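Okay, protein_11.csv is below, CSV, C-alpha atoms and all ligand atoms:
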chain,number,residue,atom,x,y,z
A,1,MET,CA,196.0,147.6,92.0
A,2,ILE,CA,192.8,148.6,93.6
A,3,ASP,CA,192.1,148.4,97.4
A,4,LEU,CA,188.4,147.7,97.8
A,5,TYR,CA,186.6,148.4,101.1
A,6,THR,CA,183.3,146.6,101.0
A,7,TRP,CA,180.7,144.4,102.6
A,8,SER,CA,178.2,141.8,101.4
A,9,THR,CA,175.5,144.2,100.4
A,10,PRO,CA,174.1,145.5,97.1
A,11,ASN,CA,176.2,148.6,97.0
A,12,GLY,CA,179.4,146.7,97.8
A,13,ARG,CA,178.7,144.0,95.2
A,14,LYS,CA,178.4,146.6,92.4
A,15,ILE,CA,182.1,147.3,92.7
A,16,SER,CA,183.4,143.8,93.1
A,17,ILE,CA,181.3,142.8,90.1
A,18,ALA,CA,182.7,145.7,88.1
A,19,LEU,CA,186.3,144.9,89.1
A,20,GLU,CA,185.8,141.4,87.9
A,21,GLU,CA,184.2,142.4,84.7
A,22,MET,CA,186.9,144.9,84.0
A,23,GLY,CA,189.7,142.5,84.8
A,24,LEU,CA,191.3,144.8,87.4
A,25,ALA,CA,193.5,143.4,90.2
A,26,TYR,CA,192.2,144.2,93.6
A,27,THR,CA,192.6,143.5,97.3
A,28,THR,CA,189.5,143.2,99.4
A,29,HIS,CA,189.3,144.9,102.8
A,30,PRO,CA,186.0,143.7,104.5
A,31,ILE,CA,184.3,146.5,106.5
A,32,ASN,CA,181.9,144.8,108.8
A,33,ILE,CA,179.0,147.3,109.0
A,34,GLY,CA,177.3,145.1,111.6
A,35,LYS,CA,180.2,145.8,113.9
A,36,ASP,CA,180.3,149.6,113.1
A,37,GLU,CA,183.7,149.2,111.3
A,38,GLN,CA,182.5,151.9,108.9
A,39,PHE,CA,183.0,154.5,111.6
A,40,ALA,CA,186.7,153.8,112.2
A,41,PRO,CA,188.7,157.0,111.7
A,42,ALA,CA,191.0,155.4,109.1
A,43,PHE,CA,187.9,154.4,107.0
A,44,LEU,CA,186.3,157.8,107.4
A,45,LYS,CA,189.3,159.4,105.8
A,46,ILE,CA,188.4,157.8,102.4
A,47,SER,CA,184.6,157.5,103.0
A,48,PRO,CA,183.5,160.5,105.1
A,49,ASN,CA,179.8,159.4,104.9
A,50,ASN,CA,180.7,156.2,106.8
A,51,LYS,CA,179.4,153.8,104.2
A,52,ILE,CA,180.8,151.1,102.0
A,53,PRO,CA,181.9,150.8,99.2
A,54,ALA,CA,185.1,152.9,98.8
A,55,ILE,CA,188.3,152.3,96.9
A,56,ILE,CA,191.9,153.5,96.7
A,57,ASP,CA,193.6,153.2,93.4
A,58,ARG,CA,197.2,152.4,94.2
A,59,ASP,CA,198.2,153.3,90.7
A,60,SER,CA,197.1,156.9,91.0
A,61,GLY,CA,196.7,157.3,94.8
A,62,GLN,CA,193.1,158.3,94.2
A,63,SER,CA,190.4,157.4,96.7
A,64,VAL,CA,186.8,157.3,95.7
A,65,PHE,CA,183.6,156.8,97.7
A,66,GLU,CA,179.9,156.5,96.5
A,67,SER,CA,179.3,153.5,94.3
A,68,GLY,CA,178.1,155.5,91.3
A,69,ALA,CA,181.3,157.6,91.4
A,70,ILE,CA,183.4,154.5,91.8
A,71,LEU,CA,181.8,152.8,88.8
A,72,MET,CA,182.4,155.9,86.6
A,73,TYR,CA,186.0,156.2,87.9
A,74,LEU,CA,186.7,152.5,87.0
A,75,GLY,CA,184.9,152.8,83.6
A,76,GLU,CA,187.0,155.9,82.8
A,77,LYS,CA,190.2,154.2,84.0
A,78,THR,CA,189.7,151.0,81.9
A,79,GLY,CA,187.6,152.3,79.0
A,80,LYS,CA,185.3,149.4,79.7
A,81,LEU,CA,181.5,149.3,80.2
A,82,TYR,CA,181.3,153.1,80.2
A,83,PRO,CA,181.1,154.5,76.6
A,84,ALA,CA,183.1,157.6,75.8
A,85,GLU,CA,180.7,158.8,73.1
A,86,ALA,CA,178.7,161.8,74.4
A,87,LYS,CA,175.1,160.7,73.5
A,88,ALA,CA,175.7,157.2,74.9
A,89,ARG,CA,177.1,158.7,78.1
A,90,ILE,CA,174.0,160.8,78.6
A,91,ARG,CA,171.9,157.6,78.7
A,92,ILE,CA,174.4,156.0,81.1
A,93,HIS,CA,174.3,158.9,83.4
A,94,GLU,CA,170.5,159.1,83.3
A,95,TRP,CA,170.1,155.5,84.4
A,96,LEU,CA,173.0,155.5,86.8
A,97,MET,CA,171.4,158.5,88.6
A,98,TRP,CA,168.1,156.6,88.5
A,99,GLN,CA,169.7,153.6,90.2
A,100,MET,CA,171.5,155.8,92.7
A,101,SER,CA,168.6,158.1,93.6
A,102,ALA,CA,165.6,155.7,93.3
A,103,VAL,CA,166.4,152.0,93.1
A,104,GLY,CA,169.0,152.0,95.9
A,105,PRO,CA,167.4,154.3,98.4
A,106,PHE,CA,163.8,153.1,97.9
A,107,LEU,CA,164.5,149.4,97.7
A,108,GLY,CA,166.9,149.8,100.6
A,109,ARG,CA,164.0,151.1,102.7
A,110,ALA,CA,161.7,148.4,101.3
A,111,HIS,CA,164.2,145.9,102.9
A,112,TYR,CA,163.9,147.7,106.2
A,113,PHE,CA,160.1,147.6,106.3
A,114,LEU,CA,159.1,144.6,104.2
A,115,HIS,CA,161.9,142.2,105.1
A,116,TYR,CA,163.2,143.1,108.5
A,117,ASN,CA,160.1,144.7,110.1
A,118,GLU,CA,157.1,143.4,108.1
A,119,GLY,CA,153.8,144.1,109.7
A,120,LYS,CA,155.1,146.7,112.2
A,121,ALA,CA,154.1,149.7,110.0
A,122,PRO,CA,151.4,148.6,107.5
A,123,PHE,CA,151.2,152.0,105.9
A,124,ALA,CA,155.0,152.0,105.1
A,125,ASP,CA,154.8,148.3,104.0
A,126,ALA,CA,152.1,149.2,101.5
A,127,TRP,CA,153.9,152.3,100.3
A,128,PHE,CA,157.3,150.6,99.8
A,129,ALA,CA,155.7,147.5,98.2
A,130,ALA,CA,153.9,149.8,95.7
A,131,GLU,CA,157.1,151.8,95.0
A,132,ALA,CA,159.1,148.7,94.5
A,133,LYS,CA,156.6,147.5,91.9
A,134,ARG,CA,156.6,150.9,90.2
A,135,LEU,CA,160.4,150.7,89.9
A,136,TYR,CA,160.3,147.2,88.5
A,137,GLY,CA,157.8,148.4,86.0
A,138,VAL,CA,160.1,151.2,84.9
A,139,LEU,CA,163.0,148.7,84.5
A,140,ASP,CA,160.7,146.2,82.7
A,141,ARG,CA,159.7,148.9,80.1
A,142,LEU,CA,163.4,149.9,79.7
A,143,LEU,CA,164.4,146.3,79.0
A,144,ASP,CA,161.6,145.8,76.5
A,145,GLY,CA,163.4,145.0,73.2
A,146,GLN,CA,167.0,145.3,74.4
A,147,ASP,CA,169.3,142.9,76.3
A,148,PHE,CA,170.8,145.5,78.6
A,149,MET,CA,169.6,148.7,80.2
A,150,CYS,CA,171.4,151.1,77.9
A,151,GLY,CA,171.7,148.8,74.9
A,152,ASP,CA,175.2,147.4,75.4
A,153,TYR,CA,176.2,145.9,78.7
A,154,SER,CA,177.5,148.7,81.0
A,155,ILE,CA,178.1,149.9,84.5
A,156,VAL,CA,174.4,150.7,84.7
A,157,ASP,CA,173.5,147.0,84.6
A,158,ILE,CA,176.2,146.3,87.2
A,159,ALA,CA,174.8,149.1,89.5
A,160,THR,CA,171.2,147.7,89.3
A,161,PHE,CA,171.7,144.0,89.4
A,162,PRO,CA,172.6,143.5,93.1
A,163,TRP,CA,169.5,145.4,94.1
A,164,ILE,CA,167.3,143.2,91.9
A,165,ALA,CA,169.0,140.1,93.4
A,166,ARG,CA,167.0,141.0,96.6
A,167,PHE,CA,163.7,140.8,94.8
A,168,ALA,CA,162.4,138.3,97.4
A,169,TRP,CA,163.0,140.9,100.3
A,170,GLN,CA,161.0,143.4,98.2
A,171,LYS,CA,158.1,141.0,97.8
A,172,ILE,CA,158.5,141.0,94.1
A,173,ASP,CA,157.6,138.1,91.8
A,174,LEU,CA,159.9,138.3,88.8
A,175,ASN,CA,157.3,136.5,86.7
A,176,ASP,CA,155.3,139.8,86.8
A,177,PHE,CA,158.2,141.5,85.1
A,178,PRO,CA,159.3,139.2,82.2
A,179,ASN,CA,161.9,141.6,80.7
A,180,VAL,CA,163.5,142.1,84.1
A,181,ARG,CA,163.5,138.3,84.7
A,182,ARG,CA,165.2,137.6,81.3
A,183,TRP,CA,167.8,140.3,82.0
A,184,TYR,CA,168.3,139.1,85.6
A,185,GLN,CA,168.9,135.5,84.5
A,186,ALA,CA,171.4,136.6,81.8
A,187,MET,CA,173.3,138.7,84.4
A,188,ALA,CA,173.2,136.0,87.0
A,189,ALA,CA,174.9,133.6,84.5
A,190,ARG,CA,177.9,135.8,83.9
A,191,PRO,CA,181.1,134.3,85.5
A,192,ALA,CA,182.3,137.8,86.6
A,193,VAL,CA,178.9,138.6,88.2
A,194,ILE,CA,179.0,135.2,90.1
A,195,LYS,CA,182.5,135.8,91.3
A,196,GLY,CA,182.0,139.5,92.2
A,197,TYR,CA,178.8,138.6,94.1
A,198,ARG,CA,180.8,136.4,96.4
A,199,VAL,CA,183.0,139.3,97.7
A,200,PRO,CA,183.6,139.4,100.6
A,201,ASP,CA,181.4,136.5,101.6
A,202,ALA,CA,182.6,133.5,99.5
A,203,SER,CA,179.5,131.5,100.4
A,204,ALA,CA,177.0,134.0,98.9
A,205,GLU,CA,174.8,132.6,96.1
A,206,ILE,CA,172.8,134.7,93.7
A,207,PRO,CA,169.1,133.9,94.2
A,208,ALA,CA,167.5,131.9,91.3
A,209,GLY,CA,165.1,134.2,89.5
A,301,LIG,N1,174.9,156.1,98.1
A,301,LIG,C1,175.9,155.2,98.7
A,301,LIG,C2,175.2,154.2,99.7
A,301,LIG,C3,176.1,153.3,100.4
A,301,LIG,C4,175.4,152.5,101.5
A,301,LIG,O1,174.2,152.8,101.8
A,301,LIG,N2,176.1,151.6,102.0
A,301,LIG,C5,175.6,150.8,103.1
A,301,LIG,C6,175.7,149.3,102.8
A,301,LIG,S1,174.9,148.9,101.3
A,301,LIG,C7,176.4,151.1,104.4
A,301,LIG,O2,177.6,151.2,104.3
A,301,LIG,N3,175.8,151.2,105.5
A,301,LIG,C8,176.4,151.5,106.8
A,301,LIG,C9,175.8,152.6,107.5
A,301,LIG,O3,174.9,153.2,107.0
A,301,LIG,O4,176.3,152.9,108.6
A,301,LIG,C10,176.6,154.4,97.6
A,301,LIG,O5,175.9,154.0,96.6
A,301,LIG,O6,177.8,154.1,97.7
Now, as a test, write the supplied structure out as structure tokens.
Amino acid sequence: MIDLYTWSTPNGRKISIALEEMGLAYTTHPINIGKDEQFAPAFLKISPNNKIPAIIDRDSGQSVFESGAILMYLGEKTGKLYPAEAKARIRIHEWLMWQMSAVGPFLGRAHYFLHYNEGKAPFADAWFAAEAKRLYGVLDRLLDGQDFMCGDYSIVDIATFPWIARFAWQKIDLNDFPNVRRWYQAMAARPAVIKGYRVPDASAEIPAG
């Protein structure tokens, strides 16, 4: 049994989608980051950087924070969506680090400027819009000729999808990135992705792409 501490954001959804795909039982504990619940001392004990997501694995007593670390932990625990073979793992690590260091942080800032504060800082708007397009270009080239980011469906696709689901906030037209669009539609049709996307907000819908 996994205790999942999460909120309705891209990083949180990575983990609920992974738990659904891996068929792991879990209990959801919503941490309302709009109400500063991420700063509660009990939460800081498992997530010292005061961010969701975090988990506690009740089977092992292990707590894990940072979504990339959680995905690797769950992949290792289940043997699912995280290949054990060394060469395949190198590819997974490369693209997981790309997601964690580029897609998440830069698209997150694109949301801040282009969605929440559009027009207030034109220089930043232009910079983050260009960076978003560059990242979508990288993903589009990666997906050329393959269904998923590292060949077979993996934790890397799960890490990236919830960020791409906010393409409208990033002022991205998916028609400009046909391989991303095809992949996005395939991901959005998966029952586990649909179910995981609705945690903890049961009314959340994946945007049509
Ligand atoms: N690198 C972290 C980033 C987590 C993150 O930024 N979480 C956001 C929501 S998506 C959060 O908890 N924000 C609350 C805050 O910054 O106080 C991860 O991937 O787990």
Contacts between ligand LIG 301 (chain A) and chain A, please, where a residue of chain A counts if it comes within 9 Å (with all atoms listed in the file); show its shortest atom pair and distance in Å to one decimal, rows by chain and ascending number, as a tab-separated table.
residue	atom	partner	partner_atom	distance
A:Thr6	CA	A:LIG301	O2	8.0
A:Trp7	CA	A:LIG301	C6	7.0
A:Ser8	CA	A:LIG301	S1	7.8
A:Thr9	CA	A:LIG301	S1	4.8
A:Pro10	CA	A:LIG301	S1	5.5
A:Asn11	CA	A:LIG301	S1	4.5
A:Gly12	CA	A:LIG301	S1	6.1
A:Arg13	CA	A:LIG301	S1	8.7
A:Lys14	CA	A:LIG301	O5	8.9
A:Ile31	CA	A:LIG301	O2	8.5
A:Asn32	CA	A:LIG301	C8	8.9
A:Ile33	CA	A:LIG301	C8	5.4
A:Gly34	CA	A:LIG301	C8	8.1
A:Asp36	CA	A:LIG301	O4	6.9
A:Glu37	CA	A:LIG301	O4	8.7
A:Gln38	CA	A:LIG301	O4	6.3
A:Phe39	CA	A:LIG301	O4	7.5
A:Asn49	CA	A:LIG301	O3	8.2
A:Asn50	CA	A:LIG301	O4	5.8
A:Lys51	CA	A:LIG301	O2	3.2
A:Ile52	CA	A:LIG301	O2	3.9
A:Pro53	CA	A:LIG301	O6	5.5
A:Ala54	CA	A:LIG301	O6	7.5
A:Phe65	CA	A:LIG301	O6	6.4
A:Glu66	CA	A:LIG301	O6	3.4
A:Ser67	CA	A:LIG301	O6	3.8
A:Gly68	CA	A:LIG301	O5	5.9
A:Ala69	CA	A:LIG301	O6	8.0
A:Ile70	CA	A:LIG301	O6	8.1
A:Gln99	CA	A:LIG301	O5	8.9
A:Met100	CA	A:LIG301	O5	6.1
A:Ser101	CA	A:LIG301	N1	8.0
A:Gly104	CA	A:LIG301	O5	7.2
A:Pro105	CA	A:LIG301	N1	7.7
A:Gly108	CA	A:LIG301	O1	8.0
A:Ala159	CA	A:LIG301	O5	8.7
Fill in the blank from the handout: Of A:Ala102, A:Ala165, A:Ala40, A:Leu139, the one sitting nearest Pro207 (chain A) when using only C-alpha atoms is A:Ala165
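If you look at CA of Ser16 (chain A) and CA of Glu94 (chain A), they are 22.3 Å away from each other.
Nearest to Gly23 (chain A) of all the residues A:Pro191, A:Pro178, A:Pro200, A:Gly119 is A:Pro191, counting all atoms listed in the file.
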Practice task
Just the residues within 10 Å of Asp3 (chain A), please, counting all atoms listed in the file, with nothing from its chain fewer than 5 positions along; format it as a list in words.
Solution key: Ala25, Tyr26, Thr27, Thr28, His29, Ala54, Ile55, Ile56, Asp57, Arg58 and Ser63 of chain A
Practice task
Can you work out which one of A:Gln62, A:Ala208, A:Val180, A:Asp173 has the shortest atom-to-atom distance to Val138 (chain A), counting all atoms listed in the file?
Solution key: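 Of all the options, A:Val180 lies closest to Val138 (chain A).
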